[in-house]
Amino acid sequence: MTFQRIIIGLLILTIAGLAGAFYIDWRMAIQLRTVKSFVEGYVFAEAVAACEKAQSSTPFKWNTGTHTAVIGLNSVKPDKNTIVSSYTLVADGVYCDYDPIKKKADIGSNFLERE
């Protein structure tokens with residue numbers, strides 16, 4: 001009887017621990033989305049200006065484009081100390097990746113041609 005109570009107690013503690021972990025993960029995801037949307041809003045005007053000024057054989061025209069879209073803020077972590085972020089815009093099939101840290105824009109006409 002004591003063994004069964006111990007097993008049931010451990011099972012209840014495991015379920016409570018998993019529920020707590022999922023709740024914390026859910027709250028962190030909400031906070032991350034909030035921060036991401038704030039950063040995207042902050043960087044948007046700067047990204048459009050840099051993309052329109054970037055030198056390329058295919059011009060990037062956000063303001064006069066017929067099909068424009070914001071892909072959003074992306075980040076890549078190549079090693080444990082460096083995070084490379086980019087803000088991606090698309091105007092009439094021309095992709096522009098803007099690096100908010102370096103304040104540099106790179107233009108590519110095809111998603112696969114981009115670095």
# chains A, B, ... in the order shown; residues from 1 in each chain; ligands from 1
>>> residues_around(residues="stretch 56-71 of chain A", least_positions_apart="5", cutoff="6 Å", atoms="only C-alpha atoms", output="PyMOL selection string")
chain A and resi 88-92
>>> residues_around(residues="A:Lys104", least_positions_apart="6", cutoff="9 Å", atoms="only C-alpha atoms", output="PDB file with N, CA, C and O atoms, in the first residue's frame")
ATOM      1  N   ALA A  47      14.625  49.995 -42.440  1.00  0.00           N
ATOM      2  CA  ALA A  47      14.865  48.929 -43.417  1.00  0.00           C
ATOM      3  C   ALA A  47      14.405  49.342 -44.809  1.00  0.00           C
ATOM      4  O   ALA A  47      15.100  49.111 -45.802  1.00  0.00           O
ATOM      5  N   ALA A  50      16.919  51.906 -46.245  1.00  0.00           N
ATOM      6  CA  ALA A  50      18.196  51.283 -46.618  1.00  0.00           C
ATOM      7  C   ALA A  50      18.039  50.401 -47.849  1.00  0.00           C
ATOM      8  O   ALA A  50      18.928  50.365 -48.708  1.00  0.00           O
ATOM      9  N   CYS A  51      16.931  49.689 -47.959  1.00  0.00           N
ATOM     10  CA  CYS A  51      16.715  48.810 -49.115  1.00  0.00           C
ATOM     11  C   CYS A  51      16.542  49.617 -50.399  1.00  0.00           C
ATOM     12  O   CYS A  51      17.012  49.215 -51.463  1.00  0.00           O
ATOM     13  N   ALA A  54      20.035  50.857 -51.525  1.00  0.00           N
ATOM     14  CA  ALA A  54      21.056  49.844 -51.828  1.00  0.00           C
ATOM     15  C   ALA A  54      21.283  49.743 -53.335  1.00  0.00           C
ATOM     16  O   ALA A  54      20.351  49.785 -54.128  1.00  0.00           O
ATOM     17  N   ASP A  97      17.266  41.959 -47.645  1.00  0.00           N
ATOM     18  CA  ASP A  97      17.590  41.607 -46.269  1.00  0.00           C
ATOM     19  C   ASP A  97      18.324  42.780 -45.639  1.00  0.00           C
ATOM     20  O   ASP A  97      19.359  43.212 -46.139  1.00  0.00           O
ATOM     21  N   TYR A  98      17.784  43.295 -44.561  1.00  0.00           N
ATOM     22  CA  TYR A  98      18.381  44.422 -43.859  1.00  0.00           C
ATOM     23  C   TYR A  98      18.926  43.938 -42.524  1.00  0.00           C
ATOM     24  O   TYR A  98      18.224  43.283 -41.759  1.00  0.00           O
TER      25      TYR A  98
END
>>> closest_residue(among="A:Asp25, A:Asp106, A:Glu46, A:Asp99", to="A:Tyr87", atoms="only C-alpha atoms")
A:Asp99
>>> atom_distance(atom1="atom CA of A:Glu40", atom2="atom CA of A:Val84")
15.0 Å
>>> select_by_dssp(residues="chain A", states="alpha helix (DSSP H)", output="JSON, numbers by chain")
{"A": [2, 3, 4, 5, 6, 7, 8, 9, 10, 11, 12, 13, 14, 15, 16, 17, 18, 19, 20, 21, 22, 23, 24, 25, 26, 27, 28, 29, 30, 31, 32, 33, 34, 35, 36, 37, 38, 39, 40, 41, 42, 43, 44, 45, 46, 47, 48, 49, 50, 51, 52, 53]}
>>> atom_distance(atom1="atom CA of A:Ser85", atom2="atom CA of A:Ile30")
19.9 Å
